[in-house]
Amino acid sequence: LRTTAGIASIGSGDDGAGGRRPGRDVLIASCACLLGVTSAIHVALYPRTFNSRPPAALLGEPEPGPAAELPATGASTAEISAADDAAPGSRLVLVVVDGLRDDAAGALGLERTPARDGALPALARCTLEASWPTFSTPGYVTMATGVPPALSGVHNNWFRPPVELDSVFARARAAGRSTQAVGDETDDWRRLFPEELGGQESGAMAFARATGGLFADGMPATDILLIHTVVVDDAEHISGATSAPVARAIESTGSWLRAAIGRMDPVRDTLVVTSDHGHIDRGGHGGTEASVVRVPLFLIGRGGRRGTAPDVCEGRPLSDLAPTLAVLAGTQPPRHGVGMVLRPVLALDSTVLDAADESGRRSRATWAAALGRAEVDAALTVEGPGRPAPFTGLLGLAAAIGLGRFLLWLAGRPSDAQVTAGRRQAGRAAGWVRCCATAAVYPLLAWSIVLLLEPGASFSAKGDDWPAYALRMFLLLSGAAVVAFGIHLVAFARASRDRIRRARAVAVAAAAGSWPIVVGLHGSPFGAPLGEPHLSFAVVLSGMVASVGCGYLTLILGLDAVLARAGARRPVPTAAEGFAAVPRTQARRRESN
Ligand SMILES: [Zn+2]
């Protein structure tokens with residue numbers, strides 16, 4: 001109410017000081033400040049809203065009894081790599097080389113490494129596809145549960161609570177097998193699966209102990225061991241995916257892996273090496289680029305099929321790894337998993353694989369029912385990456401236009417220049433052209449910078465971490481703001497106070513305008529539904545463009561208000577007039593001396 005009264009009093013009263021109406025400058029500055037702060041808060045909160053829980057109906061399903069256990073894995077044909085009579089004593093080691101790109105996996109040098117018996121063990125090598133968003137936590141959850149992000153609700157690393165879905169580790173524990181995990185830096189897997197991997201040791205010492213004697217007698221001490229290393233991912237984030245530090249990190253990882261293969265007993269040991277996502281060349285992941293989505297898979301030793309072509313798994317999702325690990329461990333697949341066994345890389349009894357696939361089909365039907373769809377792929381299209389929402393995009397456009405109208409109303413009508421009707425028409429049109437043209441400079445420059453920079457509107461642009469990315473974007477957008485608003489200040493240096501105020505109002509609307517439009521096209525101001533991958537990241541970009549632009553305009557409008565207030569007492573030029581007038585005043589002084 002008070003604000004409305006304020007606007008009314010400004011509109012009616014204070015035209016006395018030649019268009020110097022500091023109240024209106026303050027109001028527009030406040031709007032710019034509010035838009036800047038709100039868009040910045042939105043950007044900060046938006047990725048934190050991505051994660052959700054799986055449907056309660058699904059989690060309520062009863063656990064299968066021990067009777068549902070798969071038959072023990074057994075050898076059946078000549079092509080089977082190793083006799084499997086020792087299945088109870090078999091050991092499965094899953095190594096997750098965080099961030100390892102598919103095209104860099106060859107540098108691990110695993111293909112030509114003989115095992116304990118001096119012969120090359122069975123080795124299957126293929127490529128899987130990680131689902132968007134290609135962050136680590138969704139990747140871990142997909143590998144362990146066989147449930148992709150669109151169904152699990154785990155969409156980025158802000159997912160903190162334990163995973164509620166069934167996992168390979170839980171099935172193994174239920175079957176009486178022991179599980180353990182070790183990481184070189186992070187406790188992520190223990191946090192996600194505390195019941196199953198709770199005893200995880202982490203840190204350099206534990207990691208060196210676990211990898212140093214891997215596959216020696218009594219090592220690992222558990223039936224299933226997860227080894228997680230982030231040295232490659234770290235180096236890629238810092239130096240780029242094709243840099244020398246990455247090559248060194250891959251080589252050091254390869255060296256302990258090769259040593260482990262040299263100790264492995266190909267009759268009872270299986271080594272699975274994979275990664276959660278790749279990286280773009282300059283380092284960064286989260287998007288849908290081929291180098292980020294494609295992840296390598298090596299399956300070495302017992303259960304692995306010899307001599308597979310590298311493209312045998314082309315297009316198969318990372319969620320297919322969970323049932324594959326389960327059949328290698330001789331357990332039931334995770335009961336929520338929708339993945340299917342990776343048959344081309346496995347040399348196991350087909351009855352085992354059929355049983356695992358049957359379990360996958362049951363789970364797919366359960367998911368489809370829980371999500372009210374005929375089948376899980378339809379449910380995945382609904383729950384997964386969406387498309388632009390043109391109708392809400394129009395609402396966003398209306399909001400952006402409404403914002404501009406509102407700001408112009410706040411700026412008020414110009415009270416100056418009583419000129420003849422014809423000249424007024426021409427002057428008004430020219431004024432509008434100048435007003436809109438200068439206001440368009442900032443959004444055009446800002447969006448050109450953010451979209452032309454590799455990789456454009458993609459979560460992979462985040463690179464190392466969000467604060468570093470935000471700082472980099474702030475500096476880049478500040479460059480755009482300084483150029484664009486410099487042009488704006490010069491263009492309106494000689495205009496009347498009222499016209500300057502209107503031009504500033506249009507500039508604020510233009511700086512903030514893309515934000516509601518993009519949020520509208522995305523379909524929702526927050527994560528769910530996630531929307532189209534590029535548009536989803538454009539929500540972050542539009543918020544940043546709006547917050548930086550409005551931030552600089554708040555400063556300019558604040559200065560306008562201070563100068564106008566001073567000018568209400570004594571005639572003083574506006575910020576722009578003062579700026580433009582300084583050299584001339586000095587020149588005049590020099591002449592008079
Ligand atoms: Zn990473």
# chains A, B, ... in the order shown; residues from 1 in each chain; ligands from 1
>>> residues_around(residues="Val154 of chain A", least_positions_apart="3", cutoff="10 Å", atoms="only C-alpha atoms", output="VMD selection string")
chain A and resid 50 to 54 133 135 137 to 142 147 to 151 157 to 160 163
>>> residues_near_ligand(ligand="ligand 1", cutoff="12 Å", atoms="only C-alpha atoms and all ligand atoms", output="number ranges by chain")
A: 97-101, 133-140, 156-157, 186, 229-238, 240-241, 275-280, 283-287, 292, 459-466
>>> atom_distance(atom1="atom CA of Ile500 of chain A", atom2="atom CA of Ala32 of chain A")
15.2 Å
>>> select_by_dssp(residues="segment 215-427 of chain A", states="helix (DSSP H, G or I)", output="VMD selection string")
chain A and resid 231 to 239 244 to 263 290 to 293 318 to 329 343 to 345 350 to 370 376 to 383 390 to 411 421 to 427
>>> atom_distance(atom1="atom CA of Arg21 of chain A", atom2="atom CA of Ala503 of chain A")
14.7 Å
>>> closest_residue(among="A:Thr554, A:Ser30, A:Ser524, A:Thr127", to="Ala290 of chain A", atoms="only C-alpha atoms")
A:Thr127
>>> residues_around(residues="segment 475-486 of chain A", least_positions_apart="6", cutoff="6 Å", atoms="only C-alpha atoms", output="JSON, numbers by chain")
{"A": [441, 442, 445, 446]}
>>> atom_distance(atom1="atom CA of Ala374 of chain A", atom2="atom CA of Glu164 of chain A")
24.1 Å
>>> residues_around(residues="Thr381 of chain A", least_positions_apart="4", cutoff="12 Å", atoms="only C-alpha atoms", output="CSV table (one decimal) with C-alpha atoms, in the first residue's frame")
chain,number,residue,atom,x,y,z
A,148,PRO,CA,18.8,-44.8,-14.7
A,149,PRO,CA,18.6,-41.2,-13.3
A,150,ALA,CA,15.2,-40.6,-14.9
A,151,LEU,CA,13.7,-43.3,-12.7
A,368,ALA,CA,5.7,-49.0,-15.6
A,371,LEU,CA,4.5,-44.7,-13.0
A,373,ARG,CA,2.6,-46.3,-18.1
A,374,ALA,CA,2.2,-49.3,-20.4
A,375,GLU,CA,5.9,-50.0,-20.4
A,376,VAL,CA,9.0,-48.7,-18.8
A,377,ASP,CA,10.4,-47.1,-22.0
A,385,PRO,CA,14.8,-35.5,-20.5
A,386,GLY,CA,11.8,-33.6,-21.8
A,387,ARG,CA,11.2,-31.2,-24.7
A,529,PRO,CA,10.5,-32.1,-14.8
A,530,LEU,CA,14.1,-31.7,-15.9
A,531,GLY,CA,13.3,-30.6,-19.4
A,532,GLU,CA,15.4,-30.6,-22.5
>>> closest_atom_pairs(of="segment 279-385 of chain A", to="segment 111-120 of chain A", cutoff="10 Å", atoms="only C-alpha atoms", output="tab-separated table")
residue	atom	partner	partner_atom	distance
A:Phe298	CA	A:Glu111	CA	9.0
A:Ile300	CA	A:Glu111	CA	9.1
A:Gly301	CA	A:Ala115	CA	8.6
A:Arg306	CA	A:Leu120	CA	9.8
>>> select_by_dssp(residues="segment 130-211 of chain A", states="strand (DSSP E or B)", output="short mmCIF file (atom, residue, chain, number, x, y, z; two decimals) with all heavy atoms, in the first residue's frame")
data_model
loop_
_atom_site.label_atom_id
_atom_site.label_comp_id
_atom_site.auth_asym_id
_atom_site.auth_seq_id
_atom_site.Cartn_x
_atom_site.Cartn_y
_atom_site.Cartn_z
N THR A 179 30.74 -57.94 0.98
CA THR A 179 31.01 -56.81 0.08
C THR A 179 31.85 -55.78 0.81
O THR A 179 31.75 -55.64 2.04
CB THR A 179 29.70 -56.13 -0.35
OG1 THR A 179 28.97 -55.78 0.82
CG2 THR A 179 28.85 -57.04 -1.21
N GLN A 180 32.66 -55.08 0.05
CA GLN A 180 33.48 -54.03 0.63
C GLN A 180 33.77 -53.00 -0.45
O GLN A 180 33.69 -53.31 -1.65
CB GLN A 180 34.78 -54.61 1.16
CG GLN A 180 35.42 -53.78 2.27
CD GLN A 180 36.92 -54.00 2.37
OE1 GLN A 180 37.42 -55.05 1.98
NE2 GLN A 180 37.62 -53.01 2.89
N ALA A 181 34.10 -51.78 -0.03
CA ALA A 181 34.45 -50.75 -1.00
C ALA A 181 35.63 -49.96 -0.47
O ALA A 181 35.76 -49.77 0.74
CB ALA A 181 33.27 -49.83 -1.24
N VAL A 182 36.45 -49.50 -1.38
CA VAL A 182 37.56 -48.63 -0.99
C VAL A 182 37.71 -47.54 -2.03
O VAL A 182 37.56 -47.78 -3.24
CB VAL A 182 38.87 -49.44 -0.79
CG1 VAL A 182 39.29 -50.13 -2.08
CG2 VAL A 182 40.00 -48.57 -0.29
N GLY A 183 37.93 -46.33 -1.56
CA GLY A 183 38.10 -45.20 -2.47
C GLY A 183 39.39 -44.47 -2.14
O GLY A 183 39.84 -44.50 -0.99
N GLU A 201 36.77 -48.49 3.79
CA GLU A 201 37.91 -47.70 4.21
C GLU A 201 38.19 -46.76 3.04
O GLU A 201 38.05 -47.13 1.90
CB GLU A 201 39.16 -48.55 4.36
CG GLU A 201 39.06 -49.70 5.31
CD GLU A 201 40.36 -50.51 5.23
OE1 GLU A 201 41.33 -50.08 5.85
OE2 GLU A 201 40.37 -51.52 4.53
N SER A 202 38.63 -45.56 3.35
CA SER A 202 38.99 -44.67 2.26
C SER A 202 40.27 -43.94 2.59
O SER A 202 40.76 -43.99 3.71
CB SER A 202 37.87 -43.68 1.99
OG SER A 202 36.88 -44.34 1.24
#
